[in-house]
>>> print(open('query-v9.cif').read())   # mmCIF, C-alpha atoms
data_structure
#
loop_
_atom_site.label_atom_id
_atom_site.label_comp_id
_atom_site.auth_asym_id
_atom_site.auth_seq_id
_atom_site.Cartn_x
_atom_site.Cartn_y
_atom_site.Cartn_z
CA MET A 1 0.00 0.00 0.00
CA THR A 2 1.42 3.39 -0.98
CA MET A 3 1.41 6.47 1.20
CA GLN A 4 -1.33 7.95 -0.99
CA GLU A 5 -3.56 5.10 0.19
CA GLN A 6 -2.69 5.53 3.85
CA SER A 7 -3.62 8.33 6.20
CA VAL A 8 -0.61 10.53 6.88
CA LEU A 9 -0.38 12.12 10.32
CA VAL A 10 0.60 15.80 10.34
CA VAL A 11 2.28 17.15 13.48
CA LYS A 12 3.27 20.74 14.10
CA VAL A 13 5.49 21.71 17.03
CA GLY A 14 5.87 25.34 18.01
CA GLY A 15 9.14 27.18 18.32
CA GLY A 16 8.22 29.59 21.10
CA GLU A 17 9.36 29.48 24.69
CA GLY A 18 7.87 26.60 26.68
CA ASN A 19 8.05 24.12 23.82
CA ARG A 20 10.27 21.02 23.95
CA ILE A 21 11.38 19.20 20.82
CA GLU A 22 13.18 16.13 22.23
CA PRO A 23 10.12 14.22 23.52
CA VAL A 24 8.33 15.03 20.26
CA LEU A 25 11.17 13.48 18.25
CA ASP A 26 11.22 10.43 20.55
CA ASP A 27 7.51 9.85 19.93
CA LEU A 28 7.70 10.46 16.21
CA ALA A 29 10.63 8.07 15.86
CA ASP A 30 8.71 5.34 17.71
CA LEU A 31 5.68 5.86 15.46
CA TRP A 32 7.85 5.82 12.34
CA HIS A 33 9.55 2.55 13.31
CA ALA A 34 6.09 1.08 13.99
CA GLY A 35 5.09 1.87 10.40
CA ARG A 36 3.20 5.14 10.99
CA ARG A 37 4.02 7.78 8.41
CA TRP A 38 3.93 11.45 9.29
CA VAL A 39 4.97 14.93 8.19
CA LEU A 40 6.47 17.24 10.81
CA VAL A 41 6.11 21.02 10.66
CA HIS A 42 8.15 23.11 13.10
CA GLY A 43 8.51 26.70 14.24
CA GLY A 44 11.44 28.72 15.50
CA SER A 45 10.11 32.05 16.72
CA ALA A 46 12.07 32.28 19.98
CA ARG A 47 15.41 31.53 18.31
CA THR A 48 14.60 33.93 15.47
CA ASN A 49 14.03 36.70 18.02
CA GLU A 50 17.42 35.98 19.61
CA VAL A 51 19.31 35.93 16.31
CA ALA A 52 17.55 39.01 14.94
CA THR A 53 18.41 40.95 18.09
CA ALA A 54 22.04 39.79 17.98
CA LEU A 55 22.26 40.92 14.33
CA GLY A 56 21.00 44.38 15.22
CA HIS A 57 17.59 43.95 13.61
CA PRO A 58 15.34 43.19 16.61
CA PRO A 59 11.91 41.66 16.05
CA GLN A 60 8.77 43.70 15.67
CA PHE A 61 5.22 42.43 15.94
CA ILE A 62 2.03 43.92 14.58
CA THR A 63 -1.61 43.37 15.47
CA SER A 64 -4.35 43.25 12.85
CA PRO A 65 -7.69 45.04 13.36
CA SER A 66 -9.22 41.60 14.07
CA GLY A 67 -6.75 41.03 16.92
CA PHE A 68 -4.25 38.58 15.39
CA THR A 69 -0.59 39.24 16.15
CA SER A 70 2.14 38.42 13.62
CA ARG A 71 5.81 39.11 12.94
CA ARG A 72 6.58 42.29 11.00
CA THR A 73 8.56 40.85 8.09
CA ASP A 74 10.57 43.31 6.04
CA ARG A 75 13.12 41.90 3.60
CA GLN A 76 15.93 41.74 6.17
CA THR A 77 13.66 39.97 8.66
CA ALA A 78 12.62 37.50 5.93
CA LEU A 79 16.28 36.59 5.37
CA ILE A 80 16.98 36.19 9.11
CA PHE A 81 13.77 34.21 9.51
CA THR A 82 14.80 31.88 6.67
CA MET A 83 18.31 31.46 8.06
CA VAL A 84 17.00 30.33 11.46
CA TYR A 85 13.96 28.29 10.40
CA ALA A 86 15.30 26.57 7.29
CA GLY A 87 18.87 26.47 8.58
CA GLU A 88 19.59 26.00 12.27
CA MET A 89 16.18 24.82 13.46
CA ASN A 90 15.34 22.55 10.54
CA LYS A 91 18.71 20.84 10.33
CA THR A 92 18.97 20.37 14.09
CA ILE A 93 15.62 18.55 14.02
CA VAL A 94 16.75 16.47 11.03
CA GLU A 95 19.93 15.63 12.96
CA GLY A 96 17.86 14.50 15.95
CA LEU A 97 15.65 12.26 13.83
CA HIS A 98 18.64 10.64 12.12
CA ALA A 99 20.06 9.93 15.58
CA ARG A 100 16.82 8.08 16.28
CA GLY A 101 17.04 6.01 13.10
CA VAL A 102 14.61 8.03 10.99
CA ASN A 103 15.74 9.02 7.48
CA ALA A 104 14.48 12.59 7.63
CA VAL A 105 14.58 15.17 4.84
CA GLY A 106 14.42 18.82 5.84
CA LEU A 107 12.69 21.29 3.53
CA SER A 108 11.44 24.82 3.73
CA GLY A 109 8.14 25.60 2.09
CA ALA A 110 10.07 27.25 -0.74
CA ASP A 111 11.92 24.04 -1.67
CA GLY A 112 10.14 22.36 -4.55
CA ARG A 113 7.39 24.94 -4.00
CA VAL A 114 6.00 22.69 -1.27
CA LEU A 115 4.18 25.73 0.07
CA GLU A 116 3.21 28.36 -2.47
CA GLY A 117 1.42 31.50 -1.42
CA GLU A 118 0.30 34.97 -2.31
CA ARG A 119 2.31 37.81 -0.84
CA LYS A 120 0.05 40.35 0.80
CA LYS A 121 0.07 43.63 -1.09
CA ALA A 122 -0.75 45.57 2.05
CA ILE A 123 -1.23 44.77 5.72
CA ARG A 124 -3.59 46.61 8.02
CA ALA A 125 -2.24 47.06 11.52
CA VAL A 126 -3.25 48.81 14.71
CA VAL A 127 -0.39 50.71 16.38
CA ASN A 128 -1.06 52.78 19.50
CA GLY A 129 -4.74 52.86 18.64
CA ARG A 130 -4.13 54.07 15.07
CA ARG A 131 -4.86 52.02 11.97
CA LEU A 132 -1.95 51.86 9.55
CA ILE A 133 -1.30 50.34 6.13
CA ILE A 134 2.05 48.53 5.72
CA ARG A 135 3.12 47.80 2.16
CA ASP A 136 6.75 46.58 2.32
CA ASP A 137 6.00 43.34 4.16
CA TYR A 138 6.96 39.82 3.08
CA THR A 139 4.10 37.83 4.58
CA GLY A 140 1.53 35.81 2.74
CA THR A 141 -1.21 33.22 2.68
CA ILE A 142 -0.78 29.68 1.33
CA THR A 143 -2.69 29.01 -1.87
CA ARG A 144 -1.15 25.71 -3.03
CA VAL A 145 0.60 22.69 -1.51
CA ASN A 146 2.87 20.46 -3.60
CA SER A 147 1.54 17.26 -2.06
CA SER A 148 2.98 15.11 -4.86
CA LEU A 149 6.53 15.89 -3.72
CA LEU A 150 5.65 14.91 -0.15
CA HIS A 151 4.04 11.65 -1.30
CA LEU A 152 7.14 10.96 -3.39
CA LEU A 153 9.34 11.31 -0.30
CA LEU A 154 7.03 9.29 1.94
CA ASN A 155 6.71 6.48 -0.59
CA ALA A 156 10.50 6.35 -0.84
CA GLY A 157 10.84 5.96 2.92
CA TYR A 158 11.81 9.52 3.85
CA ALA A 159 10.30 11.55 6.69
CA PRO A 160 9.59 15.14 5.61
CA VAL A 161 10.42 17.91 8.10
CA LEU A 162 8.97 21.23 6.94
CA CYS A 163 9.06 24.85 7.99
CA PRO A 164 8.27 28.31 6.62
CA PRO A 165 9.08 30.32 4.57
CA ALA A 166 6.87 29.63 1.58
CA ILE A 167 7.49 30.87 -1.96
CA SER A 168 5.27 33.52 -3.48
CA GLN A 169 3.72 33.40 -6.93
CA GLU A 170 6.31 36.06 -7.83
CA HIS A 171 9.10 33.73 -6.55
CA GLU A 172 9.80 35.64 -3.31
CA LEU A 173 10.42 34.14 0.12
CA ILE A 174 7.40 34.92 2.29
CA ASN A 175 6.65 34.39 5.94
CA VAL A 176 3.57 32.22 6.48
CA ASP A 177 2.12 31.12 9.79
CA GLY A 178 3.34 27.66 10.84
CA ASP A 179 0.03 26.48 12.29
CA ARG A 180 -1.91 27.52 9.20
CA ALA A 181 0.79 25.94 7.02
CA ALA A 182 0.31 22.67 8.92
CA ALA A 183 -3.45 22.97 8.39
CA ALA A 184 -2.98 23.45 4.64
CA LEU A 185 -0.61 20.48 4.50
CA ALA A 186 -2.99 18.25 6.45
CA ALA A 187 -5.87 19.12 4.11
CA ALA A 188 -3.76 18.62 0.97
CA LEU A 189 -2.47 15.25 2.20
CA SER A 190 -5.99 14.11 3.19
CA ALA A 191 -4.79 13.60 6.76
CA LYS A 192 -7.40 12.45 9.24
CA THR A 193 -5.60 14.04 12.19
CA LEU A 194 -3.59 17.23 12.69
CA VAL A 195 -1.72 17.62 15.97
CA LEU A 196 -0.67 21.12 17.05
CA LEU A 197 1.85 20.93 19.89
CA THR A 198 2.47 24.04 21.93
CA GLY A 199 3.54 25.24 25.37
CA ALA A 200 0.00 24.95 26.74
CA PRO A 201 -1.93 21.73 27.50
CA GLY A 202 -4.70 22.80 25.13
CA LEU A 203 -7.32 25.54 24.99
CA LEU A 204 -7.89 26.88 28.50
CA ARG A 205 -10.98 28.66 29.79
CA PHE A 206 -8.67 30.57 32.12
CA PRO A 207 -5.15 31.17 30.70
CA ASP A 208 -3.34 30.70 34.02
CA ASP A 209 -5.20 27.55 35.06
CA PRO A 210 -4.11 24.31 33.29
CA ALA A 211 -7.01 22.52 35.01
CA SER A 212 -9.45 24.62 32.97
CA ARG A 213 -8.53 22.81 29.74
CA ILE A 214 -11.44 22.35 27.33
CA ALA A 215 -11.33 18.66 26.38
CA THR A 216 -13.52 18.68 23.26
CA LEU A 217 -14.81 21.36 20.96
CA PRO A 218 -17.03 21.07 17.87
CA LEU A 219 -16.31 23.13 14.78
CA ALA A 220 -19.53 25.07 15.29
CA ALA A 221 -18.20 26.45 18.60
CA LEU A 222 -14.79 27.54 17.31
CA ASP A 223 -15.63 31.17 16.62
CA ASP A 224 -17.11 31.64 20.08
CA ALA A 225 -14.07 29.99 21.71
CA MET A 226 -11.73 32.15 19.64
CA ASN A 227 -13.45 35.31 20.83
CA THR A 228 -14.06 34.21 24.42
CA TYR A 229 -11.22 32.03 25.71
CA ALA A 230 -8.32 32.12 23.28
CA GLN A 231 -5.54 34.66 23.71
CA GLY A 232 -2.32 35.38 21.83
CA ARG A 233 -1.08 32.56 19.63
CA MET A 234 -3.95 30.29 20.68
CA ARG A 235 -6.32 32.36 18.54
CA ILE A 236 -4.26 31.55 15.44
CA LYS A 237 -4.20 27.86 16.38
CA LEU A 238 -7.98 27.85 16.48
CA LEU A 239 -8.06 29.61 13.12
CA ALA A 240 -5.73 26.92 11.75
CA ALA A 241 -7.96 24.22 13.25
CA ARG A 242 -10.99 25.66 11.48
CA GLU A 243 -9.12 25.80 8.15
CA ALA A 244 -7.97 22.20 8.55
CA LEU A 245 -11.46 20.90 9.38
CA GLU A 246 -13.04 22.85 6.54
CA GLY A 247 -10.37 21.31 4.29
CA GLY A 248 -11.46 17.77 5.16
CA VAL A 249 -9.33 16.89 8.21
CA GLN A 250 -11.43 14.96 10.70
CA ARG A 251 -9.94 16.20 13.95
CA VAL A 252 -7.36 18.69 15.22
CA ILE A 253 -5.71 18.18 18.59
CA ILE A 254 -4.03 21.04 20.45
CA ALA A 255 -1.76 19.65 23.15
CA ALA A 256 1.43 20.20 25.13
CA SER A 257 4.82 19.60 23.51
CA ASN A 258 6.47 19.21 26.92
CA ALA A 259 4.50 16.11 27.98
CA ALA A 260 6.34 12.84 28.55
CA HIS A 261 4.95 11.42 25.28
CA PRO A 262 3.45 14.46 23.57
CA VAL A 263 2.33 12.91 20.28
CA ARG A 264 0.97 9.68 21.74
CA GLN A 265 -0.77 11.51 24.57
CA ALA A 266 -2.32 13.95 22.08
CA LEU A 267 -3.59 11.09 19.92
CA ALA A 268 -5.13 9.58 23.05
CA GLY A 269 -7.07 12.81 23.62
CA ASP A 270 -4.81 14.49 26.19
CA GLY A 271 -5.37 18.01 24.91
CA THR A 272 -8.21 19.87 23.23
CA VAL A 273 -9.79 17.73 20.49
CA ILE A 274 -11.61 19.77 17.85
CA SER A 275 -13.79 18.04 15.28
CA ARG A 276 -16.63 18.66 12.87
CA TRP A 277 -19.03 16.56 14.92
CA GLY A 278 -21.33 17.15 17.84
CA ARG A 279 -20.15 15.90 21.22
CA GLN A 280 -21.73 12.41 21.31
CA GLU A 281 -20.86 11.60 17.69
CA GLU A 282 -17.44 13.18 18.24
CA GLU A 283 -16.67 10.94 21.20
CA THR A 284 -17.59 7.82 19.18
CA HIS A 285 -15.46 8.87 16.22
CA GLU A 286 -12.64 10.01 18.50
CA HIS A 287 -12.42 6.61 20.16
CA SER A 288 -12.33 4.88 16.76
CA ALA A 289 -9.75 7.30 15.32
CA THR A 290 -7.49 7.02 18.36
CA ALA A 291 -7.60 3.24 18.22
CA ASN A 292 -6.66 3.36 14.55
CA GLU A 293 -3.77 5.73 15.27
CA HIS A 294 -2.35 3.35 17.87
CA ARG A 295 -2.74 0.31 15.61
CA ALA A 296 -0.94 2.08 12.75
#
>>> encode(input="query-v9.cif", output="structure tokens")
Amino acid sequence: MTMQEQSVLVVKVGGGEGNRIEPVLDDLADLWHAGRRWVLVHGGSARTNEVATALGHPPQFITSPSGFTSRRTDRQTALIFTMVYAGEMNKTIVEGLHARGVNAVGLSGADGRVLEGERKKAIRAVVNGRRLIIRDDYTGTITRVNSSLLHLLLNAGYAPVLCPPAISQEHELINVDGDRAAAALAAALSAKTLVLLTGAPGLLRFPDDPASRIATLPLAALDDAMNTYAQGRMRIKLLAAREALEGGVQRVIIAASNAAHPVRQALAGDGTVISRWGRQEEETHEHSATANEHRA
């Protein structure tokens, strides 16, 4: 059976403070050796901030009128971002997977046009209460995924490790959000499950109380949760979850990267499980999907 005929698991691990990569790689290596095929997407925001500051071009962040925060990406920032994400972070993860016996291949979204997007002509931002238009930014939205290249690698026994940047339709490096990139990949690969690993144990009703984790959430309640409970980066994760589900993914799990077995625990429901179904139907499907994940 080829990889096109199997369900590929897509896992995204954040690169902000509070994330841990080693237990994620341990879990992914175990799954790979058990025959489970996956695609890993990673971030690198904290390290990018450090390097940008050391190079005398400190990071800037902007907030959209709808309340989403993103990295201000001028051309110099795009080059620093690429150097850290596609260089240091990507190859260190590839190194770690090889040490665990997994034949990993590291790619940025620009390589082979795995992630192609449209560069935003202008960005609306709110700065000190004023609405501004920014035009010299290198950020974009994914419009196409080269899934055939990923299937080619998977069918040949390679484990793809992906990260931003993407490539624009005008052949420019562009910064795209990692969670939304993972959602686009999961939809394009017809993945049943997308796992988003972060520094939090899931979506929390109260940001400082891990015990307030919301265990399950239907697609119909996402907008309300985004506007009521989610703060900071969690809002973008919920946006990515909605895009993945609307693209055909059956469930998205937001869970902690610093758990003992982060991927396996997430697949077992130890996080916030978001699906297209109502609660009772969701629980039935969730049990079946989790059992299938463990058998794979």
>>> closest_residue(input="query-v9.cif", among="A:Arg135, A:Ser147, A:Val273, A:Asp111", to="His171 in chain A", atoms="all atoms listed in the file")
A:Asp111
>>> resolve_selection(input="query-v9.cif", expression="the PyMOL selection byres ((chain A and resi 260) around 12)", output="ChimeraX atom specification")
/A:20-27,255-259,261-266,270
>>> write_last_selection(input="query-v9.cif", atoms="C-alpha atoms", output="PDB file, in the coordinates of the input")
ATOM      1  CA  ARG A  20      10.270  21.020  23.950  1.00  0.00           C
ATOM      2  CA  ILE A  21      11.380  19.200  20.820  1.00  0.00           C
ATOM      3  CA  GLU A  22      13.180  16.130  22.230  1.00  0.00           C
ATOM      4  CA  PRO A  23      10.120  14.220  23.520  1.00  0.00           C
ATOM      5  CA  VAL A  24       8.330  15.030  20.260  1.00  0.00           C
ATOM      6  CA  LEU A  25      11.170  13.480  18.250  1.00  0.00           C
ATOM      7  CA  ASP A  26      11.220  10.430  20.550  1.00  0.00           C
ATOM      8  CA  ASP A  27       7.510   9.850  19.930  1.00  0.00           C
ATOM      9  CA  ALA A 255      -1.760  19.650  23.150  1.00  0.00           C
ATOM     10  CA  ALA A 256       1.430  20.200  25.130  1.00  0.00           C
ATOM     11  CA  SER A 257       4.820  19.600  23.510  1.00  0.00           C
ATOM     12  CA  ASN A 258       6.470  19.210  26.920  1.00  0.00           C
ATOM     13  CA  ALA A 259       4.500  16.110  27.980  1.00  0.00           C
ATOM     14  CA  HIS A 261       4.950  11.420  25.280  1.00  0.00           C
ATOM     15  CA  PRO A 262       3.450  14.460  23.570  1.00  0.00           C
ATOM     16  CA  VAL A 263       2.330  12.910  20.280  1.00  0.00           C
ATOM     17  CA  ARG A 264       0.970   9.680  21.740  1.00  0.00           C
ATOM     18  CA  GLN A 265      -0.770  11.510  24.570  1.00  0.00           C
ATOM     19  CA  ALA A 266      -2.320  13.950  22.080  1.00  0.00           C
ATOM     20  CA  ASP A 270      -4.810  14.490  26.190  1.00  0.00           C
TER      21      ASP A 270
END
>>> closest_residue(input="query-v9.cif", among="A:Pro65, A:Gly56, A:Gly117, A:Pro160", to="Gly140 in chain A", atoms="only C-alpha atoms")
A:Gly117
>>> residues_near_point(input="query-v9.cif", point="(1.9, 41.7, 15.7)", cutoff="12 Å", atoms="only C-alpha atoms", output="list in words")
Pro59, Gln60, Phe61, Ile62, Thr63, Ser64, Pro65, Ser66, Gly67, Phe68, Thr69, Ser70, Arg71, Arg72, Thr73, Ile123, Arg124, Ala125, Val126, Val127, Thr139, Gly232, Arg233 and Ile236 of chain A
>>> resolve_selection(input="query-v9.cif", expression="the PyMOL selection byres ((chain A and resi 82) around 9)", output="number ranges by chain")
A: 77-81, 83-87, 108, 164-165, 173, 175
>>> atom_distance(input="query-v9.cif", atom1="CA of Gly43 in chain A", atom2="CA of Asp179 in chain A")
8.7 Å
>>> resolve_selection(input="query-v9.cif", expression="the PyMOL selection byres ((chain A and resi 238) around 9)", output="list of chain:residue names")
A:Leu203, A:Leu222, A:Asp223, A:Ala225, A:Met226, A:Ala230, A:Arg233, A:Met234, A:Arg235, A:Ile236, A:Lys237, A:Leu239, A:Ala240, A:Ala241, A:Arg242, A:Glu243, A:Ile254, A:Ile274
>>> closest_residue(input="query-v9.cif", among="A:Val10, A:Thr228, A:His42, A:Ala104", to="Ala244 in chain A", atoms="all atoms listed in the file")
A:Val10
>>> axis_aligned_box(input="query-v9.cif", around="range 140-149 of chain A", padding_each_side="8 Å", output="lines of an AutoDock Vina configuration file")
center_x = 1.9
center_y = 25.5
center_z = -1.1
size_x = 25.2
size_y = 36.7
size_z = 23.6
>>> closest_residue(input="query-v9.cif", among="A:Ala200, A:Ile133, A:Ile174, A:Leu115", to="Leu150 in chain A", atoms="only C-alpha atoms")
A:Leu115
>>> closest_residue(input="query-v9.cif", among="A:Arg144, A:Arg37, A:His98, A:His57", to="Ser168 in chain A", atoms="all atoms listed in the file")
A:Arg144
>>> closest_residue(input="query-v9.cif", among="A:Leu28, A:Arg36, A:Tyr138, A:Ala122", to="Arg75 in chain A", atoms="only C-alpha atoms")
A:Tyr138
>>> atom_distance(input="query-v9.cif", atom1="CA of Val8 in chain A", atom2="CA of Leu189 in chain A")
6.9 Å
